[in-house]
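Presented below is the structure to which this report refers.
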Amino acid sequence: ASDVYKRQVYYIGWYIADEDKDKFVGNVPGNLKMHYVVDQLKRSGHTPEIISFVKKKGSTGVYMNINKTSQECKLTYLTGIRGNSRILKKMDFLIKKIIFTYYFLFNFSAEDTLVLYHSVELTLLVAKLKRLVKRNVIIEVEEIYGYSAVTDRPWVEDEIDSIKKMDLHICVNDGIPQGLKLETGKFVVSLGVGNIPTRTIDRFNDGKIHVVYAGTIEMKKLGAMTAVESAKFLPDYYILHILGFGSEENMKKLKLKISEVNNDVGSERIKYDGYKSGKELDDFLFSCHIGLSSNVMRPNFANNSFPSKVITYMCHDLSVVLGYAEAFYDVPMSRGWQFYHEYTPEKIAEAITKVEIKPIGYYHPSIIRMNSNLQAFFKKYC
């Protein structure tokens with residue numbers, strides 16, 4: 001009988017096709033990771049069908065399911081409502097949940113595999129539906145959202161319970177499986193997007209050491225602001241580049257802080273180099289020496305998430321400097337990372353001056369191993 005029914009893999013989350021980035025509301029790192037997971041599924045011999053919960057931009061109105069192809073896979077944007085008011089956003093998500101529930105009960109079968117990008121409400125819904133019908137669900141946990149950057153949320157225990165109810169787990173660091181007490185062999189660790197681009201440019205060769213911080217300019221985790229503060233304490237032969245974008249207000253704060261620090265040290269030690277993506281970003285990262293992750297992170301948040309930029313830095317041969325967290329301190333991937341143990345500009349600067357500049361290709365074996373582990377996991381369980 002199994003020959004008659006072809007098992008299907010479904011990938012469910014907030015996926016946006018490259019050509020639709022302006023049409024839907026999305027999250028850049030999350031979407032990049034989903035594209036990467038699709039690639040890894042394909043390399044493991046499975047072409048997933050993608051079901052996306054993203055919300056369409058534009059003036060108020062209803063739109064039906066949109067079907068198309070992306071990464072050579074069938075992609076469905078679920079029916080929804082355009083519009084920005086809170087009530088319309090809630091209705092949009094409700095409609096999508098109702099349609100998804102129908103699919104879950106009647107279109108998916110017990111033979112299929114669902115790869116679910118974890119989000120609090122969706123995972124709670126799937127946990128309930130799994131009580132009604134048998135479905136094989138691999139959950140991709142990029143973060144436990146209840147342990148937020150700011151505080152532990154009251155609903156975090158419910159979130160964890162719903163994650164535990166899934167059959168298999170892809171975890172964003174080595175600490176999460178321990179925290180969830182997952183069975184060995186039933187999970188895999190995937191820290192970020194392990195795509196190694198082709199290098200077509202050399203590193204800066206101007207006698208300076210070039211440090212780069214790439215990420216969103218925001219004021220909760222304060223990554224960019226902390227990076228700028230730390231540059232004060234670097235020797236003269238270091239240059240810090242900030243890449244990324246944020247709200248108008250945050251960009252103002254950042255640029256003001258940069259000119260303050262540059263004035264204090266009497267030279268242009270920090271440069272804001274704008275927002276870059278694609279080949280332009282690859283080339284810029286390839287030309288620097290050190291990649292900095294300087295988000296200020298509470299232990300619970302740090303241990304239940306992972307700064308995705310670290311893997312991007314590794315793919316571009318940048319020596320990694322990041323904040324200590326037990327969940328990813330002494331793990332196979334962390335060989336050659338330089339940690340700082342206190343979130344102060346002085347300690348971050350000290351870690352930057354301590355890190356050893358790695359030869360080109362140094363991190364490639366770890367990245368390739370991470371990719372192979374994920375592919376092997378999909379081969380075994382999909």
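Identifiers for the structure tokens are assigned positionally: chains receive A, B, ... in sequence, residues are indexed from 1 per chain, and ligands are indexed from 1 in the order shown.
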### Task
Determine which residues of range 15-142 of chain A DSSP labels as strand (DSSP E or B) from the backbone of this structure, then write them out as a VMD selection string.
chain A and resid 24 to 25 49 to 52 55 to 56 61 to 63 66 to 70 73 to 77 80 to 82 113 to 117 136 to 141
Would you save the residues from that selection as a PDB file, in the first residue's frame, using C-alpha atoms?
```pdb
ATOM      1  CA  PHE A  24       4.317  40.416   2.263  1.00  0.00           C
ATOM      2  CA  VAL A  25       5.183  41.264   5.865  1.00  0.00           C
ATOM      3  CA  GLU A  49       5.382  21.745  -0.362  1.00  0.00           C
ATOM      4  CA  ILE A  50       5.585  25.098   1.409  1.00  0.00           C
ATOM      5  CA  ILE A  51       2.587  26.552   3.240  1.00  0.00           C
ATOM      6  CA  SER A  52       3.089  30.154   4.288  1.00  0.00           C
ATOM      7  CA  LYS A  55       0.372  38.486   5.683  1.00  0.00           C
ATOM      8  CA  LYS A  56      -0.055  40.427   2.442  1.00  0.00           C
ATOM      9  CA  GLY A  61      -9.333  43.653   1.502  1.00  0.00           C
ATOM     10  CA  VAL A  62      -9.619  39.873   1.344  1.00  0.00           C
ATOM     11  CA  TYR A  63      -7.369  37.737  -0.872  1.00  0.00           C
ATOM     12  CA  ILE A  66      -2.008  32.277  -3.840  1.00  0.00           C
ATOM     13  CA  ASN A  67      -0.249  29.288  -5.424  1.00  0.00           C
ATOM     14  CA  LYS A  68       3.128  29.543  -7.106  1.00  0.00           C
ATOM     15  CA  THR A  69       6.568  27.943  -7.339  1.00  0.00           C
ATOM     16  CA  SER A  70       9.618  28.975  -5.309  1.00  0.00           C
ATOM     17  CA  CYS A  73       8.743  23.794  -4.720  1.00  0.00           C
ATOM     18  CA  LYS A  74       4.998  24.350  -4.663  1.00  0.00           C
ATOM     19  CA  LEU A  75       4.286  27.355  -2.448  1.00  0.00           C
ATOM     20  CA  THR A  76       0.867  28.365  -1.057  1.00  0.00           C
ATOM     21  CA  TYR A  77       0.309  31.728   0.615  1.00  0.00           C
ATOM     22  CA  GLY A  80      -6.159  36.268   4.394  1.00  0.00           C
ATOM     23  CA  ILE A  81      -7.079  39.878   4.951  1.00  0.00           C
ATOM     24  CA  ARG A  82      -4.896  42.872   4.120  1.00  0.00           C
ATOM     25  CA  THR A 113       6.017  14.638   7.420  1.00  0.00           C
ATOM     26  CA  LEU A 114       5.324  18.200   8.520  1.00  0.00           C
ATOM     27  CA  VAL A 115       8.282  20.459   9.205  1.00  0.00           C
ATOM     28  CA  LEU A 116       6.907  23.270  11.356  1.00  0.00           C
ATOM     29  CA  TYR A 117       8.758  26.554  11.929  1.00  0.00           C
ATOM     30  CA  ASN A 136       4.462  13.207  12.102  1.00  0.00           C
ATOM     31  CA  VAL A 137       5.781  16.672  13.020  1.00  0.00           C
ATOM     32  CA  ILE A 138       9.383  17.885  13.019  1.00  0.00           C
ATOM     33  CA  ILE A 139       9.484  21.225  14.808  1.00  0.00           C
ATOM     34  CA  GLU A 140      12.168  23.792  14.006  1.00  0.00           C
ATOM     35  CA  VAL A 141      12.870  25.742  17.204  1.00  0.00           C
TER      36      VAL A 141
END
```
### Task
Going by DSSP on the backbone, which bits of range 46-144 of chain A are alpha helix (DSSP H)? Write them as a PyMOL selection string, please.
chain A and resi 86-102+120-132
Store the residues picked out above in a file with N, CA and C atoms, as a PDB file, in the first residue's frame.
```pdb
ATOM      1  N   ARG A  86      -5.320  46.246  14.443  1.00  0.00           N
ATOM      2  CA  ARG A  86      -5.116  45.048  15.259  1.00  0.00           C
ATOM      3  C   ARG A  86      -6.167  43.997  14.983  1.00  0.00           C
ATOM      4  N   ILE A  87      -7.406  44.441  14.831  1.00  0.00           N
ATOM      5  CA  ILE A  87      -8.505  43.481  14.628  1.00  0.00           C
ATOM      6  C   ILE A  87      -8.343  42.776  13.284  1.00  0.00           C
ATOM      7  N   LEU A  88      -7.919  43.511  12.236  1.00  0.00           N
ATOM      8  CA  LEU A  88      -7.730  42.882  10.922  1.00  0.00           C
ATOM      9  C   LEU A  88      -6.577  41.884  10.963  1.00  0.00           C
ATOM     10  N   LYS A  89      -5.517  42.232  11.700  1.00  0.00           N
ATOM     11  CA  LYS A  89      -4.383  41.300  11.817  1.00  0.00           C
ATOM     12  C   LYS A  89      -4.833  40.012  12.514  1.00  0.00           C
ATOM     13  N   LYS A  90      -5.645  40.168  13.570  1.00  0.00           N
ATOM     14  CA  LYS A  90      -6.155  38.986  14.296  1.00  0.00           C
ATOM     15  C   LYS A  90      -7.039  38.144  13.389  1.00  0.00           C
ATOM     16  N   MET A  91      -7.917  38.816  12.622  1.00  0.00           N
ATOM     17  CA  MET A  91      -8.811  38.082  11.719  1.00  0.00           C
ATOM     18  C   MET A  91      -8.025  37.361  10.630  1.00  0.00           C
ATOM     19  N   ASP A  92      -6.985  38.027  10.127  1.00  0.00           N
ATOM     20  CA  ASP A  92      -6.137  37.431   9.098  1.00  0.00           C
ATOM     21  C   ASP A  92      -5.543  36.116   9.611  1.00  0.00           C
ATOM     22  N   PHE A  93      -4.994  36.158  10.818  1.00  0.00           N
ATOM     23  CA  PHE A  93      -4.351  34.962  11.376  1.00  0.00           C
ATOM     24  C   PHE A  93      -5.396  33.886  11.672  1.00  0.00           C
ATOM     25  N   LEU A  94      -6.579  34.308  12.117  1.00  0.00           N
ATOM     26  CA  LEU A  94      -7.651  33.348  12.419  1.00  0.00           C
ATOM     27  C   LEU A  94      -8.080  32.594  11.155  1.00  0.00           C
ATOM     28  N   ILE A  95      -8.282  33.338  10.060  1.00  0.00           N
ATOM     29  CA  ILE A  95      -8.671  32.698   8.789  1.00  0.00           C
ATOM     30  C   ILE A  95      -7.601  31.673   8.378  1.00  0.00           C
ATOM     31  N   LYS A  96      -6.345  32.085   8.472  1.00  0.00           N
ATOM     32  CA  LYS A  96      -5.246  31.193   8.090  1.00  0.00           C
ATOM     33  C   LYS A  96      -5.243  29.943   8.971  1.00  0.00           C
ATOM     34  N   LYS A  97      -5.496  30.129  10.274  1.00  0.00           N
ATOM     35  CA  LYS A  97      -5.500  28.971  11.186  1.00  0.00           C
ATOM     36  C   LYS A  97      -6.638  28.000  10.854  1.00  0.00           C
ATOM     37  N   ILE A  98      -7.797  28.551  10.460  1.00  0.00           N
ATOM     38  CA  ILE A  98      -8.942  27.695  10.123  1.00  0.00           C
ATOM     39  C   ILE A  98      -8.613  26.862   8.874  1.00  0.00           C
ATOM     40  N   ILE A  99      -8.067  27.518   7.853  1.00  0.00           N
ATOM     41  CA  ILE A  99      -7.715  26.798   6.610  1.00  0.00           C
ATOM     42  C   ILE A  99      -6.644  25.746   6.894  1.00  0.00           C
ATOM     43  N   PHE A 100      -5.656  26.136   7.698  1.00  0.00           N
ATOM     44  CA  PHE A 100      -4.576  25.201   8.034  1.00  0.00           C
ATOM     45  C   PHE A 100      -5.127  23.998   8.811  1.00  0.00           C
ATOM     46  N   THR A 101      -6.070  24.255   9.712  1.00  0.00           N
ATOM     47  CA  THR A 101      -6.675  23.153  10.487  1.00  0.00           C
ATOM     48  C   THR A 101      -7.349  22.153   9.544  1.00  0.00           C
ATOM     49  N   TYR A 102      -8.049  22.684   8.542  1.00  0.00           N
ATOM     50  CA  TYR A 102      -8.691  21.808   7.553  1.00  0.00           C
ATOM     51  C   TYR A 102      -7.628  20.956   6.843  1.00  0.00           C
ATOM     52  N   VAL A 120       4.634  30.584  18.646  1.00  0.00           N
ATOM     53  CA  VAL A 120       3.891  30.187  19.840  1.00  0.00           C
ATOM     54  C   VAL A 120       2.487  29.704  19.505  1.00  0.00           C
ATOM     55  N   GLU A 121       1.715  30.529  18.786  1.00  0.00           N
ATOM     56  CA  GLU A 121       0.310  30.177  18.538  1.00  0.00           C
ATOM     57  C   GLU A 121       0.151  28.974  17.629  1.00  0.00           C
ATOM     58  N   LEU A 122       1.003  28.888  16.614  1.00  0.00           N
ATOM     59  CA  LEU A 122       0.880  27.795  15.656  1.00  0.00           C
ATOM     60  C   LEU A 122       1.244  26.462  16.300  1.00  0.00           C
ATOM     61  N   THR A 123       2.282  26.476  17.123  1.00  0.00           N
ATOM     62  CA  THR A 123       2.701  25.235  17.778  1.00  0.00           C
ATOM     63  C   THR A 123       1.642  24.778  18.783  1.00  0.00           C
ATOM     64  N   LEU A 124       1.026  25.721  19.497  1.00  0.00           N
ATOM     65  CA  LEU A 124      -0.068  25.359  20.419  1.00  0.00           C
ATOM     66  C   LEU A 124      -1.230  24.727  19.642  1.00  0.00           C
ATOM     67  N   LEU A 125      -1.537  25.306  18.458  1.00  0.00           N
ATOM     68  CA  LEU A 125      -2.620  24.770  17.627  1.00  0.00           C
ATOM     69  C   LEU A 125      -2.288  23.343  17.163  1.00  0.00           C
ATOM     70  N   VAL A 126      -1.063  23.157  16.664  1.00  0.00           N
ATOM     71  CA  VAL A 126      -0.673  21.829  16.159  1.00  0.00           C
ATOM     72  C   VAL A 126      -0.671  20.804  17.298  1.00  0.00           C
ATOM     73  N   ALA A 127      -0.241  21.220  18.488  1.00  0.00           N
ATOM     74  CA  ALA A 127      -0.258  20.299  19.639  1.00  0.00           C
ATOM     75  C   ALA A 127      -1.686  19.826  19.924  1.00  0.00           C
ATOM     76  N   LYS A 128      -2.666  20.735  19.806  1.00  0.00           N
ATOM     77  CA  LYS A 128      -4.073  20.345  20.025  1.00  0.00           C
ATOM     78  C   LYS A 128      -4.547  19.399  18.918  1.00  0.00           C
ATOM     79  N   LEU A 129      -4.219  19.746  17.664  1.00  0.00           N
ATOM     80  CA  LEU A 129      -4.681  18.938  16.533  1.00  0.00           C
ATOM     81  C   LEU A 129      -4.063  17.540  16.555  1.00  0.00           C
ATOM     82  N   LYS A 130      -2.845  17.450  17.061  1.00  0.00           N
ATOM     83  CA  LYS A 130      -2.170  16.135  17.140  1.00  0.00           C
ATOM     84  C   LYS A 130      -2.887  15.188  18.105  1.00  0.00           C
ATOM     85  N   ARG A 131      -3.706  15.761  19.008  1.00  0.00           N
ATOM     86  CA  ARG A 131      -4.481  14.881  19.900  1.00  0.00           C
ATOM     87  C   ARG A 131      -5.617  14.210  19.136  1.00  0.00           C
ATOM     88  N   LEU A 132      -6.034  14.837  18.030  1.00  0.00           N
ATOM     89  CA  LEU A 132      -7.164  14.310  17.254  1.00  0.00           C
ATOM     90  C   LEU A 132      -6.713  13.309  16.193  1.00  0.00           C
TER      91      LEU A 132
END
```
So that I can check the surroundings of range 299-310 of chain A, please list as a JSON list (two decimals) with C-alpha atoms, in the first residue's frame every protein, DNA and RNA residue that reaches within 8 Å of it, counting only C-alpha atoms and ignoring chain neighbours fewer than 3 positions away.
```
[["chain", "number", "residue", "atom", "x", "y", "z"],
["A", 29, "PRO", "CA", 16.61, 36.24, 9.27],
["A", 142, "GLU", "CA", 14.75, 28.94, 16.37],
["A", 143, "GLU", "CA", 13.91, 30.49, 19.72],
["A", 144, "ILE", "CA", 11.78, 29.85, 22.79],
["A", 147, "TYR", "CA", 12.22, 33.69, 27.28],
["A", 148, "SER", "CA", 12.24, 37.03, 25.51],
["A", 149, "ALA", "CA", 15.04, 39.57, 25.31],
["A", 152, "ASP", "CA", 10.31, 35.69, 30.99],
["A", 172, "VAL", "CA", 19.04, 26.34, 17.15],
["A", 173, "ASN", "CA", 21.63, 25.54, 19.83],
["A", 175, "GLY", "CA", 21.34, 23.75, 25.11],
["A", 176, "ILE", "CA", 17.69, 23.60, 24.00],
["A", 191, "LEU", "CA", 22.61, 27.04, 14.29],
["A", 192, "GLY", "CA", 22.06, 29.13, 11.19],
["A", 193, "VAL", "CA", 22.26, 29.43, 7.42],
["A", 214, "ALA", "CA", 25.93, 43.26, 10.77],
["A", 215, "GLY", "CA", 22.38, 43.29, 12.07],
["A", 291, "GLY", "CA", 32.64, 39.51, 12.96],
["A", 292, "LEU", "CA", 31.08, 40.88, 16.13],
["A", 293, "SER", "CA", 27.88, 39.77, 17.86],
["A", 313, "TYR", "CA", 30.32, 35.38, 9.82],
["A", 314, "MET", "CA", 31.82, 31.86, 9.78],
["A", 320, "VAL", "CA", 33.84, 35.36, 15.66],
["A", 325, "ALA", "CA", 26.01, 31.57, 26.94],
["A", 326, "GLU", "CA", 26.16, 28.12, 28.46],
["A", 327, "ALA", "CA", 24.05, 26.69, 25.61],
["A", 328, "PHE", "CA", 26.71, 27.33, 22.97]]
```
### Task
Can you pull out every residue within 8 Å of range 340-347 of chain A, counting only C-alpha atoms, but drop anything in the same chain fewer than 2 positions away, and send it as an MDAnalysis selection string?
chainID A and resid 226:227 229:231 233 294 296 321:324 338 349:351
### Message
When you look at Ala110 in chain A with a cut-off of 9 Å (counting only C-alpha atoms), what residues show up, excluding the ones that are within fewer than 5 positions of it in the same chain? I need them as a PyMOL selection string.
### Response
chain A and resi 133-136
Please produce an output containing C-alpha atoms for each residue in the selection, written as a PDB file, in the first residue's frame.
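Result file follows (selection.pdb):
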```pdb
ATOM      1  CA  VAL A 133      -5.128  12.729  14.435  1.00  0.00           C
ATOM      2  CA  LYS A 134      -1.742  11.080  14.115  1.00  0.00           C
ATOM      3  CA  ARG A 135       0.689  13.341  12.249  1.00  0.00           C
ATOM      4  CA  ASN A 136       4.462  13.207  12.102  1.00  0.00           C
TER       5      ASN A 136
END
```
